[in-house]
2 protein chains.
Amino acid sequence: MFRALADPSRRAIFESLTRGESDVQTLTSRFDISQPAVSQHLAALKSAGLVNGRRDGRRVYYRVEPRGMKPLIDWITYYRAFWTEHVGRLEKLLEKMDE
Amino acid sequence: MFRALADPSRRAIFESLTRGESDVQTLTSRFDISQPAVSQHLAALKSAGLVNGRRDGRRVYYRVEPRGMKPLIDWITYYRAFWTEHVGRLEKLLEKMDE
DNA sequence: CATACACATAAGCATAGACTTATTAGTCGG
DNA sequence: CCGACTAATAAGTCTATGCTTATGTGTATG
């Protein structure tokens, strides 16, 4: 989970996918790494449940798996009790972020 | 940030600190790694802005830096737009987590 | 001040992991 | 089928990193 998002390249790919699904070829063109490297990152993200891929002809389109974020949200929520005492309710913090 | 929380041992130390501040000695006793290893993890967490330490006599007490979570919250908030469309407002998700 | 104590830093090692260049596995068009 | 095309896997390399033991730094105490 954290591990999957720890690598900058992999996180960049993930972030790229949040802006819409795309195939491996397109992703490869967006970053300065080889196609196999992209595929390996996608495999790692998929294994972490953060993305999933669907094959359409020759191409495989990847998109973010929204439920994949649940562990991260869970983690924050679980430890929320702590910062709740110090910086106020997480929700309030999130509201602030909206500004 | 993600990198700092990616390592299981380091995350365990961090989570331990969310339950209250403690000195290096106590932390070392809680985990099956050497004191230097703990110090190195603490240095990494500190460098990521997740904890801070205060010296009291011979001991150094570490505690979670609440504001250190901001980048993570920011990150989620920034990409919130995406899962908002798919799984509803993050706040709703968080409410659900309360159950 | 000499010793013990608590922690940090240094140095070295061994594994993990992020790339690369082949190569293999599917899928389509002629 | 065959060749081109797209993606996944294999194999190898090189760096990052998490650990260890050894040593250094700072602080209290007799």
# chains A, B, ... in the order shown; residues from 1 in each chain; ligands from 1

$ residues_around --residues "Thr18 in chain A" --least-positions-apart "3" --cutoff "8 Å" --atoms "only C-alpha atoms (C1' of nucleotides)" --output "JSON, numbers by chain"
{"A": [14, 15, 21, 63, 64], "B": [79, 82]}

$ interface_residues --of "chain B" --to "chain C" --cutoff "8 Å" --atoms "only C-alpha atoms (C1' of nucleotides)" --output "list in words"
Val24, Gln25, Pro36, Ser39, Arg58, Arg59 and Val60 of chain B

$ write_last_selection --atoms "N, CA and C atoms" --output "mmCIF file, in the first residue's frame"
data_model
loop_
_atom_site.group_PDB
_atom_site.id
_atom_site.type_symbol
_atom_site.label_atom_id
_atom_site.label_comp_id
_atom_site.auth_asym_id
_atom_site.auth_seq_id
_atom_site.Cartn_x
_atom_site.Cartn_y
_atom_site.Cartn_z
ATOM 1 N N VAL B 24 13.786 6.408 23.260
ATOM 2 C CA VAL B 24 14.370 5.432 22.348
ATOM 3 C C VAL B 24 14.491 4.067 23.006
ATOM 4 N N GLN B 25 14.882 4.072 24.244
ATOM 5 C CA GLN B 25 15.058 2.825 24.981
ATOM 6 C C GLN B 25 13.766 2.014 24.992
ATOM 7 N N PRO B 36 20.415 1.157 17.443
ATOM 8 C CA PRO B 36 20.756 1.997 16.291
ATOM 9 C C PRO B 36 19.708 1.943 15.191
ATOM 10 N N SER B 39 16.986 4.214 16.145
ATOM 11 C CA SER B 39 17.423 5.605 15.968
ATOM 12 C C SER B 39 17.401 6.008 14.503
ATOM 13 N N ARG B 58 19.410 12.308 29.810
ATOM 14 C CA ARG B 58 20.089 11.387 28.896
ATOM 15 C C ARG B 58 19.147 10.889 27.820
ATOM 16 N N ARG B 59 17.894 10.939 28.116
ATOM 17 C CA ARG B 59 16.927 10.332 27.202
ATOM 18 C C ARG B 59 16.390 11.337 26.189
ATOM 19 N N VAL B 60 15.979 10.803 25.077
ATOM 20 C CA VAL B 60 15.342 11.622 24.059
ATOM 21 C C VAL B 60 13.939 11.066 23.833
#

$ closest_residue --among "B:Arg19, B:Ile13, B:Leu45, B:Gly57" --to "chain D" --atoms "only C-alpha atoms (C1' of nucleotides)"
B:Gly57

$ select_by_dssp --residues "range 29-81 of chain B" --states "alpha helix (DSSP H)" --output "VMD selection string"
chain B and resid 29 to 30 35 to 47 70 to 81

$ write_last_selection --atoms "N, CA and C atoms" --output "short mmCIF file (atom, residue, chain, number, x, y, z; two decimals), in the first residue's frame"
data_model
loop_
_atom_site.label_atom_id
_atom_site.label_comp_id
_atom_site.auth_asym_id
_atom_site.auth_seq_id
_atom_site.Cartn_x
_atom_site.Cartn_y
_atom_site.Cartn_z
N SER B 29 12.86 -1.63 23.17
CA SER B 29 12.39 -2.81 23.89
C SER B 29 11.13 -3.39 23.26
N ARG B 30 10.39 -2.53 22.57
CA ARG B 30 9.12 -2.97 21.99
C ARG B 30 9.32 -3.75 20.70
N GLN B 35 19.05 -0.91 18.92
CA GLN B 35 18.85 0.51 19.24
C GLN B 35 19.26 1.40 18.06
N PRO B 36 20.41 1.16 17.44
CA PRO B 36 20.76 2.00 16.29
C PRO B 36 19.71 1.94 15.19
N ALA B 37 19.16 0.75 14.96
CA ALA B 37 18.13 0.63 13.93
C ALA B 37 16.95 1.52 14.26
N VAL B 38 16.56 1.52 15.53
CA VAL B 38 15.45 2.37 15.96
C VAL B 38 15.80 3.84 15.74
N SER B 39 16.99 4.21 16.14
CA SER B 39 17.42 5.61 15.97
C SER B 39 17.40 6.01 14.50
N GLN B 40 17.81 5.09 13.65
CA GLN B 40 17.83 5.38 12.21
C GLN B 40 16.41 5.57 11.68
N HIS B 41 15.50 4.73 12.16
CA HIS B 41 14.11 4.89 11.74
C HIS B 41 13.55 6.22 12.24
N LEU B 42 13.87 6.54 13.47
CA LEU B 42 13.39 7.81 14.04
C LEU B 42 13.94 8.99 13.24
N ALA B 43 15.20 8.89 12.84
CA ALA B 43 15.81 9.95 12.03
C ALA B 43 15.06 10.11 10.71
N ALA B 44 14.69 8.97 10.12
CA ALA B 44 13.96 9.00 8.86
C ALA B 44 12.58 9.62 9.05
N LEU B 45 11.91 9.24 10.11
CA LEU B 45 10.57 9.77 10.40
C LEU B 45 10.66 11.27 10.68
N LYS B 46 11.70 11.65 11.41
CA LYS B 46 11.90 13.05 11.74
C LYS B 46 12.18 13.86 10.49
N SER B 47 13.02 13.30 9.64
CA SER B 47 13.36 13.95 8.38
C SER B 47 12.13 14.13 7.49
N LYS B 70 -0.06 16.37 7.27
CA LYS B 70 -0.68 17.27 6.30
C LYS B 70 -0.40 16.87 4.85
N PRO B 71 0.85 16.61 4.50
CA PRO B 71 1.12 16.20 3.12
C PRO B 71 0.28 15.02 2.66
N LEU B 72 0.12 14.06 3.55
CA LEU B 72 -0.67 12.88 3.20
C LEU B 72 -2.14 13.26 3.00
N ILE B 73 -2.66 14.04 3.94
CA ILE B 73 -4.04 14.52 3.82
C ILE B 73 -4.18 15.34 2.54
N ASP B 74 -3.19 16.20 2.31
CA ASP B 74 -3.20 17.02 1.09
C ASP B 74 -3.29 16.14 -0.14
N TRP B 75 -2.47 15.13 -0.14
CA TRP B 75 -2.40 14.25 -1.30
C TRP B 75 -3.75 13.60 -1.56
N ILE B 76 -4.34 13.06 -0.51
CA ILE B 76 -5.64 12.42 -0.64
C ILE B 76 -6.68 13.43 -1.09
N THR B 77 -6.62 14.60 -0.46
CA THR B 77 -7.59 15.64 -0.79
C THR B 77 -7.48 16.05 -2.25
N TYR B 78 -6.24 16.16 -2.71
CA TYR B 78 -6.01 16.60 -4.08
C TYR B 78 -6.60 15.63 -5.07
N TYR B 79 -6.44 14.35 -4.81
CA TYR B 79 -6.95 13.35 -5.74
C TYR B 79 -8.35 12.88 -5.35
N ARG B 80 -8.88 13.53 -4.32
CA ARG B 80 -10.21 13.21 -3.85
C ARG B 80 -11.22 13.31 -4.98
N ALA B 81 -11.03 14.35 -5.81
CA ALA B 81 -11.95 14.60 -6.92
C ALA B 81 -12.26 13.32 -7.66
#

$ interface_residues --of "chain D" --to "chain A" --cutoff "12 Å" --atoms "only C-alpha atoms (C1' of nucleotides)" --output "ChimeraX atom specification"
/D:4-10,16

$ interface_residues --of "chain A" --to "chain B" --cutoff "6 Å" --atoms "only C-alpha atoms" --output "PyMOL selection string"
chain A and resi 2-3+6+66+83

$ atom_distance --atom1 "C1' of DG24 in chain D" --atom2 "CA of Ser34 in chain B"
17.3 Å

$ atom_distance --atom1 "CA of Asp56 in chain A" --atom2 "CA of Asp32 in chain A"
24.8 Å
